[in-house]
Amino acid sequence: MKRSRKTGLPPGTLMHIGERKAETVRLSVIQYDAEQFSEKEFDTFEAFAQQPPRPESIVWINIHGLHDTDLLRQAGAHFNIHNLVLEDILNTDQRPKFEDHGHFLFLPMKMFFIQKEDKTVSWEQISLIFGKGFLITFQEAPGDVFDPLRERIRQGKGRIRKMQADYLAYALLDIIVDQFFAILEQISDRIDENEEAVLVNPGKEAVSAIHDVKRTLLNVRRAAWPLREMVSQFEKSESPLLEKSTRLFIRDVYDHAIQIIDNVELLREINAGLMDIYLSNIGNRTNQVMKVLTIVATLFIPLTFIVGIYGMNFEYMPELAWPWAYPAVMGLMLFLFVGMLYYFRKRKWM
Amino acid sequence: MKRSRKTGLPPGTLMHIGERKAETVRLSVIQYDAEQFSEKEFDTFEAFAQQPPRPESIVWINIHGLHDTDLLRQAGAHFNIHNLVLEDILNTDQRPKFEDHGHFLFLPMKMFFIQKEDKTVSWEQISLIFGKGFLITFQEAPGDVFDPLRERIRQGKGRIRKMQADYLAYALLDIIVDQFFAILEQISDRIDENEEAVLVNPGKEAVSAIHDVKRTLLNVRRAAWPLREMVSQFEKSESPLLEKSTRLFIRDVYDHAIQIIDNVELLREINAGLMDIYLSNIGNRTNQVMKVLTIVATLFIPLTFIVGIYGMNFEYMPELAWPWAYPAVMGLMLFLFVGMLYYFRKRKWM
Amino acid sequence: MKRSRKTGLPPGTLMHIGERKAETVRLSVIQYDAEQFSEKEFDTFEAFAQQPPRPESIVWINIHGLHDTDLLRQAGAHFNIHNLVLEDILNTDQRPKFEDHGHFLFLPMKMFFIQKEDKTVSWEQISLIFGKGFLITFQEAPGDVFDPLRERIRQGKGRIRKMQADYLAYALLDIIVDQFFAILEQISDRIDENEEAVLVNPGKEAVSAIHDVKRTLLNVRRAAWPLREMVSQFEKSESPLLEKSTRLFIRDVYDHAIQIIDNVELLREINAGLMDIYLSNIGNRTNQVMKVLTIVATLFIPLTFIVGIYGMNFEYMPELAWPWAYPAVMGLMLFLFVGMLYYFRKRKWM
Amino acid sequence: MKRSRKTGLPPGTLMHIGERKAETVRLSVIQYDAEQFSEKEFDTFEAFAQQPPRPESIVWINIHGLHDTDLLRQAGAHFNIHNLVLEDILNTDQRPKFEDHGHFLFLPMKMFFIQKEDKTVSWEQISLIFGKGFLITFQEAPGDVFDPLRERIRQGKGRIRKMQADYLAYALLDIIVDQFFAILEQISDRIDENEEAVLVNPGKEAVSAIHDVKRTLLNVRRAAWPLREMVSQFEKSESPLLEKSTRLFIRDVYDHAIQIIDNVELLREINAGLMDIYLSNIGNRTNQVMKVLTIVATLFIPLTFIVGIYGMNFEYMPELAWPWAYPAVMGLMLFLFVGMLYYFRKRKWM
Amino acid sequence: MKRSRKTGLPPGTLMHIGERKAETVRLSVIQYDAEQFSEKEFDTFEAFAQQPPRPESIVWINIHGLHDTDLLRQAGAHFNIHNLVLEDILNTDQRPKFEDHGHFLFLPMKMFFIQKEDKTVSWEQISLIFGKGFLITFQEAPGDVFDPLRERIRQGKGRIRKMQADYLAYALLDIIVDQFFAILEQISDRIDENEEAVLVNPGKEAVSAIHDVKRTLLNVRRAAWPLREMVSQFEKSESPLLEKSTRLFIRDVYDHAIQIIDNVELLREINAGLMDIYLSNIGNRTNQVMKVLTIVATLFIPLTFIVGIYGMNFEYMPELAWPWAYPAVMGLMLFLFVGMLYYFRKRKWM
């Protein structure tokens, strides 16, 4: 559904803006603390809400599919989330940002991935909300990007089971940011291919490919700049929900975000350069073709004129009767031909 | 009327600058509070001023048509509005800005819309003035953009009937900002069409279409950047007319304004890229045409020279009498022809 | 006189830099307060200095022509103006700026106007100096731009007769800034003409016209950016010479200055776009011309070769004697001709 | 190994990202104070750790080769270095930055060098860690860049033996920054060569060479901007590890870093200009070639038509029998030929 | 000597970087106060140091030629100048900057001049060091730029003999900054010449000339931006060596520095525009040439085909025997010719 459909509706009206990417909306809930771990799936929010969490444990609720606005409304009521926040979650055109709502922090952002079918770069909106003892992720479609993290929690690897929800938020953020590097590596490979194509066989396809890379980079860039801002605000946030030890890790994510922007800008410059090479190559080729045409035409058109003269049917053309006229004309033409060739070579056209 | 006509006139001289877009100037007045609602239309300001508003209610006066400077002067006197402010309202070339005049806040801005007849993007100036218990909107032409909001007030939907004039101002601002998204969606569609045109059938029309989009985007951009600034100042304003609960909503509008700028810049980049594709396509096509010409000319011009030789009328051309001369010359020409073809294929011209 | 001529001279050396634009230097003096008004002209500064002004009145001295450095030195001594300030007044290449010298404020700036003869955009330097009870304007050439203001003072229209010199300075500044809008309207018209020319009849003249607009815009821009800064500093100045009520008016001028910069940048972008359209049109036209040439050449060159074959004079060419050979060759050529036409149509060249 | 391989692993997982550039990992340790100096090489960290350093002396440990993560882990434990820091050292894609970790300072950066084999510009990551009495350098590959510094320490030249580890860090930083100048000198030479090539013999190779320089400059720039930031933060750092006297030297390095950025931007502009010259040259050459073709074709095609007329075999062509017809036609053609030449000269085509 | 030669040497190693521009190093010393004045030349620093200056007088030492590092070292020791400062003086690639070293201020900068032989723009590094009662200027080559200032001191013109060393520093700075205006005037003239050339006779030389101007402007710009920064810091410096009355003069120099940057950026834009005009002109000319070729070829190639038909030697061509065939064919061709001309005129090709 397009954004413009909402014009004039009261603020906080919940309406999913964007393409519907999941068949059904589902909740998958992971609950853990240093000792215990449990994992469940629910179809409705009521089902989830009936089971009170263990005290002192962390509850991670992952909701994929955004078109069920009722479920969102229930979740909003349960965790006391403002309607404007729910609106932002549903608006998949939302700019990445950081908002401190006191009892929870809200971080909507874009996650990029490479589509398995056609290797194109795609993205979806992911929103994080976390507070004391809970974290909710809202995804447009089910995905397996967070599986390694789930595995780490399951097996109790690393420090994650001993930390609060802020560390879980960091771990998710880290994965989302790392995804950018994978995208940029693929784009970098495509640029190298395009460079090859532009030098060897420039054509319409090369131009389209360069333009595609440009559009992809524009989209990545549009997500990356506000991401950096978001991470920076997250790190500097004075929310008591964010522990001091986690800040160092978020600082690390911030470094990565800057690096992503550096890389995006670098790739943009290189890609733009390919277009210049393409244009200069086309110009060069046209010039080559013109030279061949000019050489051939300049060599033979005057000679054709000469043979035309002696093809005229005037009665009084004394030369025609001279016995050595034919070889003389042939010799003259040879001389002209060789002279032209010499001229072209001097001009470096051959 | 052009702006330059005002040069040298005393400051605060009221003169409508811009095209006259409405036949007559009219006031439509809506008055409401949590319980009551009334709606009226007036032709003159005196008619309105004779009816004192109910205490504690909100009065929303919508004035469309700006050429009646007397009416404006009366309204200015009634609500104690400085002449420089009235001048800004009349100058439809006014830059969006935020001004705190103590007893009222002043927000002139641009509203974009798609003209129904020819689907072109157009805009008009809208100025908001609001103070304790009243809000005035000045429009260049009558329009139906605010109708959904009027409907919400009529039906008492949402919280709007319970809030002050600042919330009404927010609701209007929200609609105006949402209009930008509709415009940008249309522009985005036009860019996609142009991309198609540029790849399939590049010509003068494509260039004009790209240039049109560019101009439209420049105009949107010129309105969007100061809009962002205006909303930001509005949100940070310390005016007592702005209640704390409304600030959160204005912050939401601010997010939208940033997103609009992001989108404008993105579309500008993509549109600029189309021009590059166009130029490269034209270069490519010229190159293709040249190749065909060169191949044909290079194949046949030398052969034409050869047949010209044996069309000469010299008396002493012994070859002419040889019986196998004709097939020999034909064979030679065939050999040359095939050799040329081979050469062109090697150069990848065919 | 060129600026570089001053290299190595002591600071404060008075020397007129720029073209001499006025025949003679003249002072025109207007003196007024709320009740009285007088207007006089002088040829020398001594003549002026002999008549002490009425107390509590405002004296506006307009000096046009800058080459009489003695007169300036006298004025400088009379009003206690630092030599560096006088140097800036004489240097018509001076950047607009704001300087607070305690007992007077100094505002040199550029005024743009359209030359009556050839409608080109021109400019001159105007410097304002004002203090308690006096204001001096230094113009390069006599002009009628300030006439409406003089008329307002004469007739006591508006508030100007009741205000201090700072309000007079504002009124002058307002006129100078308004002049920019007139210039920009003319440039905008010229851009529209150029757009027409570029689409209909692109040629050398169009390129020159676009380049002219570019240069004019660069000059306007060079004056507009520091003007904005100057007005901003003027408004924020804490000089006691500037009354609080005047500040609101200067704020209005500041809004205009920003708008001028917005317009200049917009026009620059549009003008730059015209060059792109021009280049693409030229490329397109070359492509069209090439197609015509290629079609004609490709149609007739092979046919000319065929007729050349049967123009050869070999004795043994059995075809020549066959009765149906001539129509057969004609038929073959017709077939080739039609085939080629079909091919060109398929390639969308016709 | 590519960066994207790390996605989803716990933070602080040590994994070498980048190409393996050294065969084996080695530690070379230099220990010195004002009086003493010793130099050793170790294969493992344990071997080093068994020998406690002399008190009050400076230990400089140089580790080249990064693929032995165990050795790094041991070094990290020995000097109490956070795992995130070790991760940054191993990630050779790391952006230059400055981090104050209290008991040590961390400065990862890029060092550029010219590869001896093919004179291409290459770079490696170098990380400095220093604290009270020790400094560790992490290099990707063994190199001889620091040899002059080692020699200075050996011979006790200059003040280095009397200073703390911060001065050693400065000396290393100074060498790394000086390397940039060598790179920029080489690039500047290459640009001069390309300029020569573009003017004399523009072709595909010139475009590739310009593009190569562009990519190299982009890489240098990507390293230089954060380097400047890093040195600036280093200089302003309030760490007690940094002595006041050293700050002056770091300020000097900062000046150099700014100069590097200035030079990079200058070279970028000049290099970009070469592409413009190339394109204009190609356009110019195509224009020259076209002129030759047009002149030849325009001179001879009409003449060939004329001689063709008198080659027709109509029985009733009275001219053919006139005795002066042949010289008359030849004269007419000469006249046309000369007329054309005159026309071309007037148009400045010859 | 190239900068990269210094890599790895200890900081403060004195080595002249740059071309040697003076034969011998010489000191010229001017000593003055309000009453007295003396002027001397020395070959060695010892000779100078043996003569103690008069108390309360100003000593201006001008050293030209930088390759004698011993002399610099002695001067450094005499005036207590840090080795890093001496290094900056010797490094002619030094960026303009301002450094306050307590007992002296250090201002290295670039001075531009026009070489007398070939009118090209050249520059040298000039460093100022001044403290209480002394000022040293370091020049790469002897020059006459400061002669007017020397003359002013000799003759006691202006206030200079009554002021401290800071005023002398200002006077020198003022001359160096004024030199920029002379350079920019010359560049502006060259741009006007190039514009003429580009419109009238575009060719390789015009492109080279535009590129030369671009490179010169890049160099001027590289010196001008840090110059502005330097003057700004100088003006704001709180050094007791800088008297309050001098600050006003330095502020004036600062205005000039900004104006230089304005002019450089303006000239850069105009110069860049010339390249666009050049490219469009080349495109236009190619288009013109193509049209002529196409018209000629399209007019005559079909006609040549027709006459070729009737040049065929078939025995059975009945037309050949018809008496009115020849005039009919001629008439047909005339008709075709005129028809084509009409078509070209309609397409506005003629």
# chains A, B, ... in the order shown; residues from 1 in each chain; ligands from 1
$ interface_residues --of "chain C" --to "chain A" --cutoff "10 Å" --atoms "only C-alpha atoms" --output "PyMOL selection string"
chain C and resi 311-313
$ residues_around --residues "range 151-156 of chain B" --least-positions-apart "2" --cutoff "12 Å" --atoms "only C-alpha atoms" --output "PyMOL selection string"
(chain A and resi 8-11) or (chain B and resi 30-39+58-60+144-149+158-163+167-168+171)
$ residues_around --residues "range 207-210 of chain E" --least-positions-apart "5" --cutoff "7 Å" --atoms "only C-alpha atoms" --output "PyMOL selection string"
(chain D and resi 277) or (chain E and resi 194+271)
$ write_last_selection --atoms "N, CA, C and O atoms" --output "short mmCIF file (atom, residue, chain, number, x, y, z; two decimals), in the first residue's frame"
data_model
loop_
_atom_site.label_atom_id
_atom_site.label_comp_id
_atom_site.auth_asym_id
_atom_site.auth_seq_id
_atom_site.Cartn_x
_atom_site.Cartn_y
_atom_site.Cartn_z
N ILE D 277 40.00 16.49 -21.03
CA ILE D 277 40.87 16.75 -22.18
C ILE D 277 40.78 15.58 -23.15
O ILE D 277 40.69 15.77 -24.37
N ASN E 194 40.76 32.92 -23.73
CA ASN E 194 40.35 31.55 -24.03
C ASN E 194 38.90 31.49 -24.49
O ASN E 194 38.55 30.70 -25.37
N ASN E 271 35.95 29.25 -15.88
CA ASN E 271 36.89 28.45 -16.66
C ASN E 271 36.30 27.08 -16.98
O ASN E 271 36.40 26.58 -18.11
#
$ select_by_dssp --residues "range 13-180 of chain E" --states "strand (DSSP E or B)" --output "PyMOL selection string"
chain E and resi 17+26-32+37-42+58-64+91+99-100+104-114+121-131+134-139
$ closest_residue --among "A:Val253, A:Met350, A:Ile81, A:Ile129" --to "Leu293 in chain A" --atoms "only C-alpha atoms"
A:Met350
$ residues_around --residues "His103 in chain B" --least-positions-apart "2" --cutoff "12 Å" --atoms "only C-alpha atoms" --output "list in words"
Phe79, Asn80, Ile81, His82, Glu99, Asp100, His101, Leu105, Phe106, Ile129, Phe130, Gly131, Lys132, Gly133, Phe134, Leu135, Ser239, Pro240, Leu241 and Leu242 of chain B
$ write_last_selection --atoms "C-alpha atoms" --output "PDB file, in the first residue's frame"
ATOM      1  CA  PHE B  79      -6.122  39.542  15.697  1.00  0.00           C
ATOM      2  CA  ASN B  80      -3.349  42.132  16.174  1.00  0.00           C
ATOM      3  CA  ILE B  81      -1.097  40.840  13.423  1.00  0.00           C
ATOM      4  CA  HIS B  82       1.925  42.920  12.343  1.00  0.00           C
ATOM      5  CA  GLU B  99       7.990  33.010  13.528  1.00  0.00           C
ATOM      6  CA  ASP B 100       6.981  33.391  17.154  1.00  0.00           C
ATOM      7  CA  HIS B 101       5.158  36.692  17.638  1.00  0.00           C
ATOM      8  CA  LEU B 105       2.770  31.761  15.857  1.00  0.00           C
ATOM      9  CA  PHE B 106       3.179  32.271  12.104  1.00  0.00           C
ATOM     10  CA  ILE B 129      -1.440  31.675  12.129  1.00  0.00           C
ATOM     11  CA  PHE B 130      -2.584  30.374  15.467  1.00  0.00           C
ATOM     12  CA  GLY B 131      -2.895  31.711  18.963  1.00  0.00           C
ATOM     13  CA  LYS B 132      -4.969  31.050  22.049  1.00  0.00           C
ATOM     14  CA  GLY B 133      -8.302  29.668  20.817  1.00  0.00           C
ATOM     15  CA  PHE B 134      -7.965  30.525  17.138  1.00  0.00           C
ATOM     16  CA  LEU B 135      -6.226  29.344  13.978  1.00  0.00           C
ATOM     17  CA  SER B 239       6.065  29.288  23.079  1.00  0.00           C
ATOM     18  CA  PRO B 240       3.412  28.642  25.746  1.00  0.00           C
ATOM     19  CA  LEU B 241       0.970  28.213  22.855  1.00  0.00           C
ATOM     20  CA  LEU B 242       2.570  24.849  22.155  1.00  0.00           C
TER      21      LEU B 242
END
$ atom_distance --atom1 "CA of Asn91 in chain D" --atom2 "CA of Ile17 in chain D"
4.8 Å
